[in-house]
file query.json (JSON, N, CA and C atoms)
[["chain", "number", "residue", "atom", "x", "y", "z"],
["A", 1, "MET", "N", -6.73, -1.15, 10.69],
["A", 1, "MET", "CA", -6.23, -1.73, 9.47],
["A", 1, "MET", "C", -6.88, -3.09, 9.30],
["A", 2, "ALA", "N", -7.49, -3.31, 8.17],
["A", 2, "ALA", "CA", -8.07, -4.62, 7.88],
["A", 2, "ALA", "C", -6.91, -5.55, 7.52],
["A", 3, "ARG", "N", -6.73, -6.54, 8.32],
["A", 3, "ARG", "CA", -5.59, -7.41, 8.10],
["A", 3, "ARG", "C", -6.07, -8.83, 7.89],
["A", 4, "GLY", "N", -5.45, -9.48, 6.94],
["A", 4, "GLY", "CA", -5.75, -10.88, 6.68],
["A", 4, "GLY", "C", -4.92, -11.75, 7.60],
["A", 5, "LYS", "N", -4.29, -12.73, 7.03],
["A", 5, "LYS", "CA", -3.47, -13.66, 7.79],
["A", 5, "LYS", "C", -2.21, -12.96, 8.34],
["A", 6, "HIS", "N", -1.67, -12.03, 7.59],
["A", 6, "HIS", "CA", -0.45, -11.35, 7.98],
["A", 6, "HIS", "C", -0.80, -10.05, 8.69],
["A", 7, "LYS", "N", -0.15, -9.77, 9.81],
["A", 7, "LYS", "CA", -0.54, -8.63, 10.63],
["A", 7, "LYS", "C", 0.56, -7.60, 10.84],
["A", 8, "THR", "N", 1.80, -7.92, 10.55],
["A", 8, "THR", "CA", 2.87, -6.98, 10.84],
["A", 8, "THR", "C", 3.24, -6.18, 9.61],
["A", 9, "VAL", "N", 3.61, -4.94, 9.86],
["A", 9, "VAL", "CA", 4.03, -4.03, 8.80],
["A", 9, "VAL", "C", 5.44, -3.55, 9.15],
["A", 10, "PRO", "N", 6.36, -3.55, 8.19],
["A", 10, "PRO", "CA", 7.69, -3.00, 8.47],
["A", 10, "PRO", "C", 7.60, -1.54, 8.89],
["A", 11, "ARG", "N", 8.47, -1.13, 9.78],
["A", 11, "ARG", "CA", 8.37, 0.22, 10.34],
["A", 11, "ARG", "C", 8.54, 1.31, 9.28],
["A", 12, "GLU", "N", 9.28, 1.04, 8.21],
["A", 12, "GLU", "CA", 9.46, 2.04, 7.17],
["A", 12, "GLU", "C", 8.14, 2.33, 6.44],
["A", 13, "LEU", "N", 7.26, 1.34, 6.38],
["A", 13, "LEU", "CA", 6.00, 1.48, 5.65],
["A", 13, "LEU", "C", 4.83, 1.91, 6.52],
["A", 14, "LYS", "N", 4.96, 1.83, 7.84],
["A", 14, "LYS", "CA", 3.85, 2.15, 8.74],
["A", 14, "LYS", "C", 3.31, 3.56, 8.52],
["A", 15, "LYS", "N", 4.19, 4.52, 8.37],
["A", 15, "LYS", "CA", 3.77, 5.91, 8.20],
["A", 15, "LYS", "C", 2.92, 6.08, 6.94],
["A", 16, "ASN", "N", 3.37, 5.52, 5.83],
["A", 16, "ASN", "CA", 2.65, 5.67, 4.58],
["A", 16, "ASN", "C", 1.34, 4.89, 4.57],
["A", 17, "ILE", "N", 1.33, 3.70, 5.13],
["A", 17, "ILE", "CA", 0.11, 2.90, 5.18],
["A", 17, "ILE", "C", -0.91, 3.53, 6.11],
["A", 18, "ASN", "N", -0.47, 4.03, 7.26],
["A", 18, "ASN", "CA", -1.38, 4.71, 8.18],
["A", 18, "ASN", "C", -1.95, 5.98, 7.55],
["A", 19, "TRP", "N", -1.14, 6.68, 6.77],
["A", 19, "TRP", "CA", -1.63, 7.88, 6.08],
["A", 19, "TRP", "C", -2.76, 7.51, 5.12],
["A", 20, "LEU", "N", -2.59, 6.44, 4.38],
["A", 20, "LEU", "CA", -3.63, 6.01, 3.45],
["A", 20, "LEU", "C", -4.92, 5.69, 4.19],
["A", 21, "GLU", "N", -4.82, 4.99, 5.30],
["A", 21, "GLU", "CA", -6.01, 4.59, 6.05],
["A", 21, "GLU", "C", -6.69, 5.77, 6.72],
["A", 22, "ASN", "N", -5.92, 6.61, 7.38],
["A", 22, "ASN", "CA", -6.51, 7.70, 8.17],
["A", 22, "ASN", "C", -6.96, 8.87, 7.30],
["A", 23, "LYS", "N", -6.15, 9.28, 6.38],
["A", 23, "LYS", "CA", -6.45, 10.47, 5.58],
["A", 23, "LYS", "C", -7.53, 10.20, 4.54],
["A", 24, "LEU", "N", -7.45, 9.07, 3.86],
["A", 24, "LEU", "CA", -8.35, 8.82, 2.76],
["A", 24, "LEU", "C", -9.50, 7.88, 3.12],
["A", 25, "GLY", "N", -9.43, 7.20, 4.24],
["A", 25, "GLY", "CA", -10.51, 6.33, 4.67],
["A", 25, "GLY", "C", -10.65, 5.07, 3.85],
["A", 26, "VAL", "N", -9.53, 4.51, 3.41],
["A", 26, "VAL", "CA", -9.57, 3.26, 2.66],
["A", 26, "VAL", "C", -9.18, 2.11, 3.58],
["A", 27, "LYS", "N", -9.40, 0.89, 3.12],
["A", 27, "LYS", "CA", -8.98, -0.28, 3.87],
["A", 27, "LYS", "C", -7.75, -0.88, 3.21],
["A", 28, "ILE", "N", -6.85, -1.36, 4.04],
["A", 28, "ILE", "CA", -5.63, -2.01, 3.57],
["A", 28, "ILE", "C", -5.68, -3.47, 4.00],
["A", 29, "VAL", "N", -5.47, -4.36, 3.05],
["A", 29, "VAL", "CA", -5.39, -5.78, 3.36],
["A", 29, "VAL", "C", -3.98, -6.23, 3.01],
["A", 30, "LEU", "N", -3.26, -6.66, 4.04],
["A", 30, "LEU", "CA", -1.86, -7.05, 3.86],
["A", 30, "LEU", "C", -1.76, -8.42, 3.22],
["A", 31, "GLY", "N", -0.75, -8.56, 2.38],
["A", 31, "GLY", "CA", -0.47, -9.83, 1.74],
["A", 31, "GLY", "C", 0.82, -10.42, 2.27],
["A", 32, "ILE", "N", 1.50, -11.12, 1.42],
["A", 32, "ILE", "CA", 2.73, -11.82, 1.80],
["A", 32, "ILE", "C", 3.91, -10.87, 1.80],
["A", 33, "SER", "N", 4.77, -11.01, 2.79],
["A", 33, "SER", "CA", 6.00, -10.25, 2.87],
["A", 33, "SER", "C", 7.15, -11.18, 2.51],
["A", 34, "GLU", "N", 8.01, -10.73, 1.62],
["A", 34, "GLU", "CA", 9.13, -11.55, 1.17],
["A", 34, "GLU", "C", 10.44, -10.81, 1.35],
["A", 35, "CYS", "N", 11.48, -11.54, 1.68],
["A", 35, "CYS", "CA", 12.82, -10.97, 1.73],
["A", 35, "CYS", "C", 13.36, -10.95, 0.31],
["A", 36, "ALA", "N", 13.73, -9.78, -0.16],
["A", 36, "ALA", "CA", 14.22, -9.65, -1.53],
["A", 36, "ALA", "C", 14.99, -8.35, -1.69],
["A", 37, "ARG", "N", 15.87, -8.33, -2.64],
["A", 37, "ARG", "CA", 16.57, -7.10, -2.98],
["A", 37, "ARG", "C", 15.69, -6.29, -3.91],
["A", 38, "HIS", "N", 15.84, -4.98, -3.84],
["A", 38, "HIS", "CA", 15.09, -4.10, -4.71],
["A", 38, "HIS", "C", 15.83, -2.79, -4.86],
["A", 39, "LYS", "N", 15.40, -2.00, -5.86],
["A", 39, "LYS", "CA", 16.08, -0.74, -6.13],
["A", 39, "LYS", "C", 15.40, 0.47, -5.50],
["A", 40, "TYR", "N", 14.29, 0.27, -4.81],
["A", 40, "TYR", "CA", 13.53, 1.37, -4.24],
["A", 40, "TYR", "C", 13.98, 1.68, -2.83],
["A", 41, "PRO", "N", 13.83, 2.95, -2.39],
["A", 41, "PRO", "CA", 14.20, 3.29, -1.02],
["A", 41, "PRO", "C", 13.18, 2.72, -0.02],
["A", 42, "PRO", "N", 13.61, 2.43, 1.21],
["A", 42, "PRO", "CA", 12.68, 1.91, 2.21],
["A", 42, "PRO", "C", 11.53, 2.89, 2.45],
["A", 43, "GLY", "N", 10.30, 2.36, 2.48],
["A", 43, "GLY", "CA", 9.12, 3.18, 2.68],
["A", 43, "GLY", "C", 8.39, 3.51, 1.39],
["A", 44, "HIS", "N", 8.95, 3.14, 0.26],
["A", 44, "HIS", "CA", 8.35, 3.44, -1.04],
["A", 44, "HIS", "C", 7.16, 2.52, -1.30],
["A", 45, "ILE", "N", 6.06, 3.09, -1.81],
["A", 45, "ILE", "CA", 4.88, 2.31, -2.19],
["A", 45, "ILE", "C", 4.64, 2.53, -3.67],
["A", 46, "ARG", "N", 4.38, 1.44, -4.38],
["A", 46, "ARG", "CA", 4.16, 1.50, -5.82],
["A", 46, "ARG", "C", 2.87, 0.77, -6.16],
["A", 47, "LEU", "N", 2.03, 1.42, -6.98],
["A", 47, "LEU", "CA", 0.82, 0.76, -7.45],
["A", 47, "LEU", "C", 1.21, -0.23, -8.54],
["A", 48, "VAL", "N", 0.74, -1.46, -8.41],
["A", 48, "VAL", "CA", 1.09, -2.49, -9.37],
["A", 48, "VAL", "C", -0.03, -2.69, -10.39],
["A", 49, "GLU", "N", -1.27, -2.69, -9.90],
["A", 49, "GLU", "CA", -2.39, -3.02, -10.77],
["A", 49, "GLU", "C", -3.66, -2.40, -10.21],
["A", 50, "LYS", "N", -4.54, -1.99, -11.12],
["A", 50, "LYS", "CA", -5.85, -1.49, -10.71],
["A", 50, "LYS", "C", -6.83, -2.66, -10.77],
["A", 51, "THR", "N", -7.60, -2.84, -9.71],
["A", 51, "THR", "CA", -8.58, -3.92, -9.65],
["A", 51, "THR", "C", -9.98, -3.32, -9.59],
["A", 52, "GLY", "N", -10.99, -4.15, -9.52],
["A", 52, "GLY", "CA", -12.36, -3.66, -9.46],
["A", 52, "GLY", "C", -12.67, -2.91, -8.18],
["A", 53, "ALA", "N", -12.03, -3.28, -7.07],
["A", 53, "ALA", "CA", -12.32, -2.67, -5.78],
["A", 53, "ALA", "C", -11.29, -1.63, -5.36],
["A", 54, "GLY", "N", -10.18, -1.53, -6.06],
["A", 54, "GLY", "CA", -9.14, -0.59, -5.66],
["A", 54, "GLY", "C", -7.85, -0.85, -6.41],
["A", 55, "PHE", "N", -6.77, -1.05, -5.64],
["A", 55, "PHE", "CA", -5.46, -1.25, -6.24],
["A", 55, "PHE", "C", -4.73, -2.40, -5.56],
["A", 56, "ARG", "N", -3.87, -3.03, -6.33],
["A", 56, "ARG", "CA", -2.90, -3.95, -5.77],
["A", 56, "ARG", "C", -1.60, -3.16, -5.72],
["A", 57, "ALA", "N", -0.97, -3.12, -4.57],
["A", 57, "ALA", "CA", 0.22, -2.29, -4.38],
["A", 57, "ALA", "C", 1.36, -3.12, -3.81],
["A", 58, "ARG", "N", 2.55, -2.55, -3.89],
["A", 58, "ARG", "CA", 3.73, -3.20, -3.37],
["A", 58, "ARG", "C", 4.50, -2.18, -2.55],
["A", 59, "GLY", "N", 4.86, -2.55, -1.32],
["A", 59, "GLY", "CA", 5.62, -1.67, -0.45],
["A", 59, "GLY", "C", 7.03, -2.21, -0.25],
["A", 60, "TYR", "N", 7.99, -1.32, -0.21],
["A", 60, "TYR", "CA", 9.39, -1.72, -0.10],
["A", 60, "TYR", "C", 9.95, -1.28, 1.24],
["A", 61, "SER", "N", 10.60, -2.20, 1.93],
["A", 61, "SER", "CA", 11.21, -1.89, 3.22],
["A", 61, "SER", "C", 12.69, -2.23, 3.16],
["A", 62, "GLY", "N", 13.37, -2.06, 4.27],
["A", 62, "GLY", "CA", 14.79, -2.39, 4.33],
["A", 62, "GLY", "C", 15.06, -3.88, 4.25],
["A", 63, "ASN", "N", 14.05, -4.69, 4.59],
["A", 63, "ASN", "CA", 14.23, -6.14, 4.59],
["A", 63, "ASN", "C", 13.65, -6.84, 3.38],
["A", 64, "GLY", "N", 12.80, -6.18, 2.61],
["A", 64, "GLY", "CA", 12.20, -6.84, 1.47],
["A", 64, "GLY", "C", 10.98, -6.13, 0.93],
["A", 65, "VAL", "N", 10.05, -6.94, 0.45],
["A", 65, "VAL", "CA", 8.87, -6.43, -0.26],
["A", 65, "VAL", "C", 7.62, -7.01, 0.38],
["A", 66, "ILE", "N", 6.57, -6.19, 0.51],
["A", 66, "ILE", "CA", 5.29, -6.67, 1.02],
["A", 66, "ILE", "C", 4.21, -6.27, 0.00],
["A", 67, "ASP", "N", 3.39, -7.24, -0.36],
["A", 67, "ASP", "CA", 2.25, -6.98, -1.25],
["A", 67, "ASP", "C", 1.03, -6.69, -0.39],
["A", 68, "PHE", "N", 0.21, -5.73, -0.83],
["A", 68, "PHE", "CA", -1.03, -5.45, -0.12],
["A", 68, "PHE", "C", -2.05, -4.89, -1.09],
["A", 69, "PHE", "N", -3.28, -4.82, -0.63],
["A", 69, "PHE", "CA", -4.38, -4.34, -1.44],
["A", 69, "PHE", "C", -4.97, -3.09, -0.80],
["A", 70, "ILE", "N", -5.30, -2.11, -1.62],
["A", 70, "ILE", "CA", -5.95, -0.88, -1.19],
["A", 70, "ILE", "C", -7.39, -0.97, -1.68],
["A", 71, "ILE", "N", -8.33, -1.04, -0.75],
["A", 71, "ILE", "CA", -9.73, -1.21, -1.11],
["A", 71, "ILE", "C", -10.44, 0.13, -0.91],
["A", 72, "CYS", "N", -11.07, 0.62, -1.98],
["A", 72, "CYS", "CA", -11.78, 1.91, -1.98],
["A", 72, "CYS", "C", -13.28, 1.67, -2.02],
["A", 73, "ARG", "N", -14.03, 2.55, -1.34],
["A", 73, "ARG", "CA", -15.48, 2.36, -1.32],
["A", 73, "ARG", "C", -16.19, 3.08, -2.46],
["A", 74, "ASP", "N", -15.57, 4.10, -3.07],
["A", 74, "ASP", "CA", -16.21, 4.76, -4.20],
["A", 74, "ASP", "C", -15.17, 5.23, -5.22],
["A", 75, "LEU", "N", -15.64, 5.63, -6.37],
["A", 75, "LEU", "CA", -14.79, 5.99, -7.50],
["A", 75, "LEU", "C", -13.97, 7.25, -7.25],
["A", 76, "GLU", "N", -14.51, 8.20, -6.48],
["A", 76, "GLU", "CA", -13.79, 9.45, -6.21],
["A", 76, "GLU", "C", -12.50, 9.18, -5.43],
["A", 77, "ILE", "N", -12.58, 8.32, -4.44],
["A", 77, "ILE", "CA", -11.38, 7.97, -3.65],
["A", 77, "ILE", "C", -10.38, 7.22, -4.52],
["A", 78, "LEU", "N", -10.88, 6.37, -5.39],
["A", 78, "LEU", "CA", -10.02, 5.62, -6.31],
["A", 78, "LEU", "C", -9.21, 6.57, -7.19],
["A", 79, "GLU", "N", -9.85, 7.57, -7.74],
["A", 79, "GLU", "CA", -9.16, 8.55, -8.58],
["A", 79, "GLU", "C", -8.21, 9.42, -7.77],
["A", 80, "LEU", "N", -8.58, 9.76, -6.55],
["A", 80, "LEU", "CA", -7.72, 10.56, -5.69],
["A", 80, "LEU", "C", -6.44, 9.81, -5.35],
["A", 81, "ILE", "N", -6.55, 8.53, -5.05],
["A", 81, "ILE", "CA", -5.37, 7.73, -4.73],
["A", 81, "ILE", "C", -4.46, 7.62, -5.94],
["A", 82, "ALA", "N", -5.04, 7.40, -7.11],
["A", 82, "ALA", "CA", -4.23, 7.31, -8.33],
["A", 82, "ALA", "C", -3.47, 8.61, -8.56],
["A", 83, "ALA", "N", -4.11, 9.75, -8.32],
["A", 83, "ALA", "CA", -3.44, 11.05, -8.48],
["A", 83, "ALA", "C", -2.35, 11.24, -7.44],
["A", 84, "LYS", "N", -2.61, 10.85, -6.20],
["A", 84, "LYS", "CA", -1.61, 11.01, -5.13],
["A", 84, "LYS", "C", -0.36, 10.16, -5.40],
["A", 85, "PHE", "N", -0.55, 8.97, -5.89],
["A", 85, "PHE", "CA", 0.60, 8.11, -6.15],
["A", 85, "PHE", "C", 1.45, 8.64, -7.30],
["A", 86, "GLU", "N", 0.83, 9.28, -8.29],
["A", 86, "GLU", "CA", 1.60, 9.85, -9.39],
["A", 86, "GLU", "C", 2.40, 11.05, -8.93],
["A", 87, "VAL", "N", 1.88, 11.82, -7.96],
["A", 87, "VAL", "CA", 2.53, 13.05, -7.54],
["A", 87, "VAL", "C", 3.50, 12.82, -6.39],
["A", 88, "SER", "N", 3.04, 12.23, -5.29],
["A", 88, "SER", "CA", 3.85, 12.20, -4.08],
["A", 88, "SER", "C", 4.59, 10.89, -3.82],
["A", 89, "PHE", "N", 4.16, 9.81, -4.42],
["A", 89, "PHE", "CA", 4.85, 8.56, -4.16],
["A", 89, "PHE", "C", 5.69, 8.23, -5.36]]

call {"tool": "encode", "arguments": {"input": "query.json", "output": "structure tokens"}}
result
Amino acid sequence: MARGKHKTVPRELKKNINWLENKLGVKIVLGISECARHKYPPGHIRLVEKTGAGFRARGYSGNGVIDFFIICRDLEILELIAAKFEVSF
């Protein structure tokens, strides 16, 4: 996992983040984790914005919210991730 300053991932999100990295071969760059209330179940990942290199996403855990980036190397993987998030996440 490509990690910036922040290195820990909540256990509820580890399974989904590892799936993205291993199955699709993308890089994940973790952002800031904040304690906050939310309406999503723990382990839920939501795409927030499409960027030039991939997606900005938000993951929800039992303790709060973590922002991270999904970096794709080509357009096919980018489209596949967008389709997977609409169907399974």

call {"tool": "select_by_dssp", "arguments": {"input": "query.json", "residues": "region 3-87 of chain A", "states": "strand (DSSP E)", "output": "number ranges by chain"}}
result
A: 27-35, 45-50, 54-60, 64-71

call {"tool": "atom_distance", "arguments": {"input": "query.json", "atom1": "atom N of Val9 (chain A)", "atom2": "CA of Leu30 (chain A)"}}
result
8.4 Å

call {"tool": "residues_around", "arguments": {"input": "query.json", "residues": "Ile66 (chain A)", "least_positions_apart": "2", "cutoff": "6.5 Å", "atoms": "all atoms listed in the file", "output": "PyMOL selection string"}}
result
chain A and resi 31-34+57-61+64+68

call {"tool": "residues_around", "arguments": {"input": "query.json", "residues": "Gly25 (chain A)", "least_positions_apart": "2", "cutoff": "7 Å", "atoms": "all atoms listed in the file", "output": "list in words"}}
result
Trp19, Leu20, Glu21, Asn22, Lys23, Lys27, Ile71, Cys72 and Arg73 of chain A

call {"tool": "axis_aligned_box", "arguments": {"input": "query.json", "around": "region 48-55 of chain A", "padding_each_side": "5 Å", "output": "lines of an AutoDock Vina configuration file"}}
result
center_x = -5.8
center_y = -2.4
center_z = -8.2
size_x = 23.8
size_y = 13.6
size_z = 15.8

call {"tool": "atom_distance", "arguments": {"input": "query.json", "atom1": "CA of Val65 (chain A)", "atom2": "CA of Lys15 (chain A)"}}
result
15.8 Å

call {"tool": "atom_distance", "arguments": {"input": "query.json", "atom1": "CA of Tyr40 (chain A)", "atom2": "CA of Leu75 (chain A)"}}
result
28.9 Å

call {"tool": "closest_residue", "arguments": {"input": "query.json", "among": "A:Glu86, A:Phe69, A:Thr8, A:Cys35", "to": "Arg56 (chain A)", "atoms": "only C-alpha atoms"}}
result
A:Phe69

call {"tool": "closest_residue", "arguments": {"input": "query.json", "among": "A:Pro42, A:Gly62, A:Glu49, A:Leu24", "to": "Ile77 (chain A)", "atoms": "only N, CA and C atoms"}}
result
A:Leu24

call {"tool": "select_by_dssp", "arguments": {"input": "query.json", "residues": "chain A", "states": "helix (DSSP H, G or I)", "output": "list in words"}}
result
Arg11, Glu12, Leu13, Lys14, Lys15, Asn16, Ile17, Asn18, Trp19, Leu20, Glu21, Asn22, Lys23, Leu24, Leu75, Glu76, Ile77, Leu78, Glu79, Leu80, Ile81, Ala82, Ala83, Lys84, Phe85, Glu86 and Val87 of chain A

call {"tool": "closest_residue", "arguments": {"input": "query.json", "among": "A:Ala83, A:Ile70, A:Glu76, A:Phe55", "to": "Ile28 (chain A)", "atoms": "only C-alpha atoms"}}
result
A:Ile70
